[in-house]
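As provided, query-v6.cif (mmCIF, C-alpha atoms) reads as follows.
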```
data_entry
#
loop_
_atom_site.label_atom_id
_atom_site.label_comp_id
_atom_site.auth_asym_id
_atom_site.auth_seq_id
_atom_site.Cartn_x
_atom_site.Cartn_y
_atom_site.Cartn_z
CA MET A 6 23.97 23.55 -108.08
CA PRO A 7 23.50 20.36 -106.05
CA VAL A 8 19.96 19.85 -104.82
CA ILE A 9 19.45 17.67 -101.73
CA ASP A 10 16.08 16.15 -100.93
CA ALA A 11 16.45 16.02 -97.15
CA HIS A 12 13.58 13.62 -96.41
CA ALA A 13 13.00 10.41 -98.39
CA HIS A 14 12.09 6.85 -97.39
CA ILE A 15 13.13 3.73 -99.31
CA TYR A 16 12.28 0.06 -98.81
CA PRO A 17 13.56 -3.26 -100.18
CA GLU A 18 11.65 -4.23 -103.31
CA LYS A 19 10.17 -7.38 -101.77
CA ILE A 20 8.41 -5.41 -99.00
CA ALA A 21 8.05 -1.98 -100.62
CA ALA A 22 4.41 -2.39 -101.64
CA LYS A 23 3.40 -3.52 -98.16
CA ALA A 24 5.37 -0.72 -96.49
CA VAL A 25 3.94 1.94 -98.78
CA ASP A 26 0.40 0.69 -98.16
CA ALA A 27 0.99 0.82 -94.40
CA VAL A 28 2.13 4.45 -94.60
CA GLY A 29 -0.82 5.34 -96.80
CA ASN A 30 -3.24 3.73 -94.38
CA PHE A 31 -1.65 5.51 -91.43
CA TYR A 32 -2.15 8.92 -93.04
CA GLY A 33 -5.28 8.12 -95.03
CA VAL A 34 -3.75 9.10 -98.37
CA HIS A 35 -3.23 7.37 -101.70
CA MET A 36 0.44 6.56 -102.23
CA ALA A 37 1.25 6.67 -105.92
CA SER A 38 4.98 5.95 -105.62
CA ALA A 39 6.61 2.54 -105.29
CA GLY A 40 8.97 3.36 -102.44
CA THR A 41 11.99 1.70 -104.05
CA ALA A 42 15.52 2.98 -104.42
CA GLU A 43 15.35 2.57 -108.18
CA GLU A 44 12.27 4.76 -108.53
CA LEU A 45 13.75 7.43 -106.27
CA LEU A 46 16.97 7.48 -108.26
CA SER A 47 15.00 8.04 -111.46
CA CYS A 48 14.00 11.44 -110.07
CA THR A 49 17.54 12.68 -110.69
CA GLU A 50 16.95 12.15 -114.41
CA ARG A 51 13.70 14.12 -114.39
CA SER A 52 14.57 17.06 -112.16
CA GLY A 53 17.38 19.10 -110.68
CA ILE A 54 17.55 16.89 -107.58
CA THR A 55 21.01 15.35 -107.20
CA HIS A 56 21.01 13.76 -103.73
CA PHE A 57 18.64 12.31 -101.14
CA ILE A 58 18.84 11.79 -97.39
CA VAL A 59 17.30 8.30 -97.19
CA HIS A 60 15.99 6.32 -94.26
CA SER A 61 13.28 3.97 -93.06
CA VAL A 62 11.52 3.51 -89.72
CA ALA A 63 11.74 0.45 -87.47
CA THR A 64 8.37 -0.40 -85.93
CA THR A 65 9.93 -3.29 -83.99
CA ALA A 66 13.25 -3.54 -82.19
CA LYS A 67 14.30 -6.68 -84.07
CA SER A 68 14.04 -4.94 -87.45
CA VAL A 69 16.60 -2.25 -86.59
CA PRO A 70 19.79 -4.05 -87.79
CA THR A 71 18.13 -5.29 -91.00
CA ILE A 72 16.92 -1.81 -91.92
CA ASN A 73 20.29 -0.26 -91.12
CA ASN A 74 22.06 -2.85 -93.26
CA PHE A 75 19.71 -2.12 -96.16
CA ILE A 76 20.09 1.66 -95.98
CA ALA A 77 23.88 1.38 -95.65
CA GLU A 78 24.09 -0.92 -98.67
CA GLN A 79 21.97 1.40 -100.80
CA ALA A 80 24.10 4.39 -99.80
CA ARG A 81 27.24 2.42 -100.62
CA ILE A 82 25.95 1.47 -104.07
CA HIS A 83 24.42 4.83 -104.92
CA PRO A 84 26.45 7.98 -104.20
CA GLU A 85 23.24 9.98 -104.61
CA PHE A 86 22.06 8.60 -101.26
CA ILE A 87 23.03 9.92 -97.83
CA GLY A 88 22.00 7.10 -95.49
CA PHE A 89 20.50 7.56 -92.04
CA MET A 90 20.04 4.72 -89.56
CA THR A 91 16.88 3.86 -87.66
CA MET A 92 16.46 3.08 -83.97
CA HIS A 93 13.65 1.65 -81.86
CA HIS A 94 13.10 2.59 -78.23
CA ASP A 95 13.09 -1.08 -77.15
CA PHE A 96 16.37 -1.96 -78.85
CA GLU A 97 18.61 -3.63 -76.28
CA ASP A 98 22.01 -2.07 -76.96
CA MET A 99 21.53 1.29 -78.65
CA GLU A 100 25.12 2.41 -78.30
CA ALA A 101 26.51 -0.70 -79.97
CA GLU A 102 24.12 -0.32 -82.90
CA VAL A 103 24.91 3.38 -83.27
CA ASN A 104 28.61 2.53 -83.38
CA ARG A 105 27.96 -0.23 -85.92
CA ALA A 106 25.88 2.12 -88.07
CA ILE A 107 28.67 4.70 -88.07
CA ASP A 108 31.11 1.99 -89.14
CA LEU A 109 28.69 1.13 -91.97
CA GLY A 110 28.91 4.73 -93.17
CA LEU A 111 25.49 5.91 -92.03
CA ARG A 112 25.48 9.61 -91.29
CA GLY A 113 22.46 10.27 -89.10
CA VAL A 114 19.40 8.84 -87.37
CA LYS A 115 15.66 8.87 -88.16
CA ILE A 116 12.83 8.16 -85.73
CA HIS A 117 9.05 8.54 -86.05
CA PRO A 118 7.42 8.72 -82.61
CA ASP A 119 3.88 8.42 -84.00
CA THR A 120 4.32 5.21 -85.98
CA GLN A 121 6.65 3.83 -83.31
CA MET A 122 4.06 4.79 -80.67
CA VAL A 123 6.48 6.31 -78.18
CA ASN A 124 6.71 9.78 -76.69
CA MET A 125 9.54 11.77 -78.19
CA ASP A 126 10.82 12.55 -74.69
CA ASP A 127 10.45 9.00 -73.39
CA PRO A 128 13.46 8.08 -71.20
CA ARG A 129 14.44 5.34 -73.65
CA LEU A 130 14.74 7.87 -76.46
CA MET A 131 16.49 10.33 -74.19
CA GLN A 132 19.15 7.63 -73.89
CA LEU A 133 19.46 7.61 -77.68
CA TYR A 134 19.87 11.40 -77.84
CA GLU A 135 22.61 11.22 -75.22
CA ILE A 136 24.47 8.60 -77.28
CA ILE A 137 24.33 10.55 -80.55
CA GLU A 138 24.71 14.11 -79.25
CA GLY A 139 27.78 15.58 -80.90
CA ARG A 140 28.14 12.52 -83.14
CA LEU A 141 25.15 12.20 -85.47
CA PRO A 142 22.28 14.46 -86.53
CA ILE A 143 18.73 13.15 -86.14
CA VAL A 144 15.55 13.54 -88.19
CA ILE A 145 12.51 13.41 -85.90
CA HIS A 146 9.00 13.36 -87.30
CA THR A 147 7.38 16.21 -85.41
CA GLY A 148 3.67 16.90 -84.96
CA ASP A 149 0.33 15.29 -85.77
CA TYR A 150 -3.07 16.69 -84.82
CA ARG A 151 -4.19 13.14 -83.95
CA TYR A 152 -1.43 12.22 -81.48
CA ASP A 153 0.76 13.67 -78.75
CA TYR A 154 3.77 11.36 -79.22
CA SER A 155 5.63 13.82 -81.45
CA SER A 156 4.33 17.10 -80.08
CA PRO A 157 6.74 20.02 -80.58
CA LYS A 158 6.38 20.65 -76.84
CA ARG A 159 8.06 17.28 -76.29
CA LEU A 160 10.80 18.23 -78.74
CA LEU A 161 11.36 21.44 -76.78
CA ARG A 162 12.16 19.31 -73.71
CA VAL A 163 14.62 17.28 -75.78
CA LEU A 164 16.34 20.42 -77.06
CA GLU A 165 16.64 21.81 -73.56
CA ALA A 166 18.16 18.55 -72.26
CA PHE A 167 20.62 18.11 -75.15
CA PRO A 168 21.88 21.52 -76.34
CA ASP A 169 24.43 20.05 -78.76
CA LEU A 170 22.00 17.66 -80.48
CA VAL A 171 21.61 18.49 -84.19
CA VAL A 172 17.94 18.01 -85.05
CA ASP A 173 15.71 18.16 -88.10
CA ALA A 174 12.22 18.83 -86.71
CA ALA A 175 10.61 17.35 -89.79
CA HIS A 176 7.60 18.85 -91.57
CA PHE A 177 8.07 22.50 -90.53
CA GLY A 178 8.26 21.49 -86.87
CA CYS A 179 4.68 20.25 -86.59
CA TRP A 180 3.03 18.26 -89.37
CA SER A 181 -0.60 19.28 -89.95
CA GLN A 182 -0.30 22.16 -87.46
CA TYR A 183 2.60 24.05 -88.97
CA GLU A 184 2.09 27.38 -87.18
CA ILE A 185 2.08 25.59 -83.81
CA GLY A 186 5.54 24.29 -84.58
CA TYR A 187 6.69 27.85 -85.18
CA ASP A 188 5.07 29.19 -82.01
CA VAL A 189 6.60 26.47 -79.80
CA LEU A 190 10.03 25.96 -81.31
CA HIS A 191 11.15 29.09 -83.12
CA SER A 192 12.77 30.93 -80.24
CA LYS A 193 14.71 27.84 -79.15
CA ALA A 194 15.78 27.10 -82.73
CA ALA A 195 16.95 30.67 -83.26
CA GLU A 196 18.86 30.58 -79.97
CA ARG A 197 20.69 27.33 -80.74
CA GLY A 198 21.50 27.46 -84.43
CA ASN A 199 21.64 23.65 -84.73
CA VAL A 200 17.90 23.06 -85.15
CA PHE A 201 16.81 22.53 -88.73
CA LEU A 202 13.42 21.86 -90.30
CA ASP A 203 12.53 20.16 -93.54
CA GLU A 204 9.37 21.37 -95.25
CA SER A 205 8.32 17.94 -96.54
CA SER A 206 4.62 17.03 -96.54
CA SER A 207 3.61 20.68 -96.31
CA LEU A 208 3.21 22.07 -99.82
CA ALA A 209 -0.02 20.20 -100.53
CA PHE A 210 -1.58 21.75 -97.42
CA LEU A 211 0.05 25.18 -97.20
CA GLY A 212 0.45 26.06 -100.86
CA SER A 213 3.50 27.79 -102.30
CA ARG A 214 2.84 31.27 -100.93
CA ARG A 215 2.27 30.25 -97.31
CA ALA A 216 5.20 27.82 -97.42
CA ARG A 217 7.45 30.65 -98.61
CA GLU A 218 6.15 32.96 -95.88
CA LEU A 219 6.62 30.32 -93.19
CA ALA A 220 10.14 29.50 -94.36
CA ARG A 221 11.09 33.16 -94.12
CA MET A 222 9.49 33.45 -90.68
CA TRP A 223 11.72 30.61 -89.47
CA GLY A 224 14.70 31.94 -91.41
CA THR A 225 15.75 30.36 -94.68
CA GLU A 226 19.11 29.42 -93.16
CA CYS A 227 17.46 26.57 -91.19
CA ILE A 228 14.85 25.20 -93.64
CA MET A 229 15.60 22.26 -95.96
CA PHE A 230 13.76 21.09 -99.05
CA GLY A 231 12.31 17.60 -98.66
CA SER A 232 9.74 15.49 -100.47
CA ASP A 233 8.76 12.77 -97.96
CA TYR A 234 8.95 10.23 -100.79
CA PRO A 235 7.00 7.98 -101.36
CA MET A 236 4.25 10.12 -99.84
CA TRP A 237 4.81 12.66 -102.59
CA ASP A 238 6.61 12.77 -105.94
CA PRO A 239 10.01 14.45 -105.43
CA VAL A 240 10.02 15.90 -108.95
CA ALA A 241 6.66 17.62 -108.50
CA GLU A 242 7.59 18.75 -104.99
CA TYR A 243 10.86 20.29 -106.20
CA GLU A 244 9.18 22.01 -109.12
CA GLN A 245 6.62 23.60 -106.81
CA PHE A 246 9.17 24.52 -104.14
CA SER A 247 11.74 25.99 -106.51
CA SER A 248 9.08 28.13 -108.18
CA ALA A 249 7.55 29.40 -104.93
CA GLY A 250 9.18 32.82 -105.17
CA PHE A 251 12.42 32.36 -103.24
CA THR A 252 15.51 34.26 -104.34
CA GLU A 253 18.40 32.36 -105.94
CA ARG A 254 20.45 32.85 -102.77
CA GLU A 255 17.63 31.52 -100.63
CA LEU A 256 17.25 28.45 -102.84
CA GLU A 257 20.96 27.69 -102.52
CA ASP A 258 20.50 27.52 -98.76
CA LEU A 259 17.13 25.73 -98.81
CA CYS A 260 18.12 23.08 -101.34
CA TRP A 261 21.85 22.71 -100.72
CA HIS A 262 23.85 24.45 -98.00
CA ASN A 263 21.44 23.89 -95.10
CA ALA A 264 21.37 20.13 -95.68
CA GLU A 265 25.16 20.06 -95.83
CA ARG A 266 25.31 21.90 -92.50
CA PHE A 267 22.73 19.51 -91.05
CA ILE A 268 24.71 16.39 -91.97
CA GLY A 269 27.91 18.12 -90.91
CA SER A 270 29.92 17.88 -94.11
CA PRO A 271 29.88 19.00 -97.73
CA LEU A 272 28.79 16.62 -100.45
CA SER A 273 31.66 14.43 -101.58
#
```

What would you get if you wrote out this structure as structure tokens?
Amino acid sequence: MPVIDAHAHIYPEKIAAKAVDAVGNFYGVHMASAGTAEELLSCTERSGITHFIVHSVATTAKSVPTINNFIAEQARIHPEFIGFMTMHHDFEDMEAEVNRAIDLGLRGVKIHPDTQMVNMDDPRLMQLYEIIEGRLPIVIHTGDYRYDYSSPKRLLRVLEAFPDLVVDAAHFGCWSQYEIGYDVLHSKAAERGNVFLDESSSLAFLGSRRARELARMWGTECIMFGSDYPMWDPVAEYEQFSSAGFTERELEDLCWHNAERFIGSPLS
């Protein structure tokens, strides 16, 4: 079956080392992976992973078009990649850039409120959600015990304001405080049916058994496998996830069908 890694970051080779170091410093972890498209693609040769949702995060408004061009080009060259655009809250004409990204073939949006240092429900980002609602899905880094920018309580306000927005509340809905994500968001997610969660950057902290239990608490029809490359090795993450005790039917949803529903189309 196809296996989609729903959460992976890639960077141009000339800045990859610097970008990876910055991420490692932000989270206080050692980053063993290079962060390049070539290294990520090599994972398909060493595992059952066949596709990746790829993106990068703009920490300045001026970098948005450059990043979107890079992701679009990589997705054009490599059919294994499903490219998502970035956006920054201070970008001058969000709607024009969203339209341009769609024309480039990008199929969703990724933002990271913590590294971008903006509240998830900031009025500038609410403008973005209004533009993409019904047009593009969005991956939103959700949760961090150190910050309030990406609190799941803020995401709840976003979901209430934009009922047709298709969202991946990344990292089980609250990175580093996974049960809080469930407590805050589960009822709204179950009510809407268009709220997804990837489980990236959770296995190292939860372990296989608790990750399986949490996925079933949420409902395996809304959880997606993800590695958070280059934070973690996709091959090792997939091996651990696929051997965590899920049924074959559950794995088809977790690693394939849910991601297709999130992006809004089957793999081509």

Check: Skipping near chain neighbours, those fewer than 5 positions away, what residues fall within 6 Å of segment 235-242 of chain A using all atoms listed in the file, listed as a count of residues only?
Finding: 4

Checklist line | Atom pair atom CA of Phe31 of chain A / atom CA of His93 of chain A: separation (Å) | finding: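 Straight-line distance from atom CA of Phe31 of chain A to atom CA of His93 of chain A works out to 18.5 Å.
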
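Atom CA of Ile15 of chain A is positioned 28.9 Å from atom CA of Phe251 of chain A.
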
Notebook entry, point to check: Selected by the PyMOL selection byres ((chain A and resi 231) around 9) in the shown coordinates: which residues, as a list in words?
Noted result: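 For this structure, the PyMOL selection byres ((chain A and resi 231) around 9) captures Ile9, Asp10, Ala11, His12, Ala13, Phe57, Ile58, His176, Asp203, Glu204, Ser205, Ser206, Met229, Phe230, Ser232, Asp233, Tyr234, Pro239, Glu242, Tyr243 and Cys260 of chain A.
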
Using the chain letters and numbers from this file, what does the PyMOL selection byres ((chain A and resi 105) around 12) select? Give the answer as a PDB file with C-alpha atoms, in the frame of the given file.
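Writing done, so here's selection-v1.pdb:
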```pdb
ATOM      1  CA  VAL A  69      16.600  -2.250 -86.590  1.00  0.00           C
ATOM      2  CA  PRO A  70      19.790  -4.050 -87.790  1.00  0.00           C
ATOM      3  CA  ASN A  73      20.290  -0.260 -91.120  1.00  0.00           C
ATOM      4  CA  ASN A  74      22.060  -2.850 -93.260  1.00  0.00           C
ATOM      5  CA  ALA A  77      23.880   1.380 -95.650  1.00  0.00           C
ATOM      6  CA  MET A  90      20.040   4.720 -89.560  1.00  0.00           C
ATOM      7  CA  THR A  91      16.880   3.860 -87.660  1.00  0.00           C
ATOM      8  CA  ASP A  98      22.010  -2.070 -76.960  1.00  0.00           C
ATOM      9  CA  MET A  99      21.530   1.290 -78.650  1.00  0.00           C
ATOM     10  CA  GLU A 100      25.120   2.410 -78.300  1.00  0.00           C
ATOM     11  CA  ALA A 101      26.510  -0.700 -79.970  1.00  0.00           C
ATOM     12  CA  GLU A 102      24.120  -0.320 -82.900  1.00  0.00           C
ATOM     13  CA  VAL A 103      24.910   3.380 -83.270  1.00  0.00           C
ATOM     14  CA  ASN A 104      28.610   2.530 -83.380  1.00  0.00           C
ATOM     15  CA  ALA A 106      25.880   2.120 -88.070  1.00  0.00           C
ATOM     16  CA  ILE A 107      28.670   4.700 -88.070  1.00  0.00           C
ATOM     17  CA  ASP A 108      31.110   1.990 -89.140  1.00  0.00           C
ATOM     18  CA  LEU A 109      28.690   1.130 -91.970  1.00  0.00           C
ATOM     19  CA  GLY A 110      28.910   4.730 -93.170  1.00  0.00           C
ATOM     20  CA  LEU A 111      25.490   5.910 -92.030  1.00  0.00           C
ATOM     21  CA  ARG A 112      25.480   9.610 -91.290  1.00  0.00           C
TER      22      ARG A 112
END
```

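This file gives the following result for the PyMOL selection byres ((chain A and resi 267) around 10): Ala11, Gly113, Leu141, Pro142, Ile143, Val144, Val171, Val172, Asp173, Asn199, Val200, Phe201, Leu202, Cys227, Met229, His262, Asn263, Ala264, Glu265, Arg266, Ile268, Gly269, Ser270 and Pro271 of chain A.
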
Margin query: I'd like the interatomic distance between atom CA of Cys48 of chain A and atom CA of Gly224 of chain A, to a tenth of an Å.
Written below: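 Separation between atom CA of Cys48 of chain A and atom CA of Gly224 of chain A: 27.7 Å.
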
Item checked: Point (4.7, 23.3, -88.3), cut-off 10 Å, counting only C-alpha atoms, residues as a PyMOL selection string -> chain A and resi 147-149+157+174-190+202-204+207+219

I want to know what sits within 8 Å of Asp126 of chain A, based on all atoms listed in the file, with residues of the same chain fewer than 5 positions away left out; could you give that as a PDB file with C-alpha atoms, keeping the file's coordinate frame?
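The file below, out-v1.pdb, is the result:
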```pdb
ATOM      1  CA  MET A 131      16.490  10.330 -74.190  1.00  0.00           C
ATOM      2  CA  ARG A 159       8.060  17.280 -76.290  1.00  0.00           C
ATOM      3  CA  LEU A 160      10.800  18.230 -78.740  1.00  0.00           C
ATOM      4  CA  ARG A 162      12.160  19.310 -73.710  1.00  0.00           C
ATOM      5  CA  VAL A 163      14.620  17.280 -75.780  1.00  0.00           C
TER       6      VAL A 163
END
```

Note to self: Could you list, as a ChimeraX atom specification, every residue within 12 Å of Glu43 of chain A, counting all atoms listed in the file and ignoring same-chain residues fewer than 3 positions away?
What the structure shows: /A:15-18,21,38-40,46-50,79,82-83,85-86

Written file, previous selection with C-alpha atoms, as a PDB file, keeping the file's coordinate frame:
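Contents of the output file again.pdb:
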```pdb
ATOM      1  CA  ILE A  15      13.130   3.730 -99.310  1.00  0.00           C
ATOM      2  CA  TYR A  16      12.280   0.060 -98.810  1.00  0.00           C
ATOM      3  CA  PRO A  17      13.560  -3.260-100.180  1.00  0.00           C
ATOM      4  CA  GLU A  18      11.650  -4.230-103.310  1.00  0.00           C
ATOM      5  CA  ALA A  21       8.050  -1.980-100.620  1.00  0.00           C
ATOM      6  CA  SER A  38       4.980   5.950-105.620  1.00  0.00           C
ATOM      7  CA  ALA A  39       6.610   2.540-105.290  1.00  0.00           C
ATOM      8  CA  GLY A  40       8.970   3.360-102.440  1.00  0.00           C
ATOM      9  CA  LEU A  46      16.970   7.480-108.260  1.00  0.00           C
ATOM     10  CA  SER A  47      15.000   8.040-111.460  1.00  0.00           C
ATOM     11  CA  CYS A  48      14.000  11.440-110.070  1.00  0.00           C
ATOM     12  CA  THR A  49      17.540  12.680-110.690  1.00  0.00           C
ATOM     13  CA  GLU A  50      16.950  12.150-114.410  1.00  0.00           C
ATOM     14  CA  GLN A  79      21.970   1.400-100.800  1.00  0.00           C
ATOM     15  CA  ILE A  82      25.950   1.470-104.070  1.00  0.00           C
ATOM     16  CA  HIS A  83      24.420   4.830-104.920  1.00  0.00           C
ATOM     17  CA  GLU A  85      23.240   9.980-104.610  1.00  0.00           C
ATOM     18  CA  PHE A  86      22.060   8.600-101.260  1.00  0.00           C
TER      19      PHE A  86
END
```

Note to self: Measuring between only C-alpha atoms, which one of A:Glu165, A:Glu226, A:Glu244, A:Asp258 shows the shortest distance to Lys193 of chain A?
What the structure shows: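 Checking each of A:Glu165, A:Glu226, A:Glu244, A:Asp258 against Lys193 of chain A, counting only C-alpha atoms, the winner is A:Glu165.
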
Margin query: I'd like the contact shell of Met92 of chain A - 8 Å cut-off, only C-alpha atoms, skipping same-chain residues fewer than 5 positions apart - returned as a list in words.
Written below: Val62, Ala63, Ala66, Val69, Met99, Val114, Lys115 and Ile116 of chain A
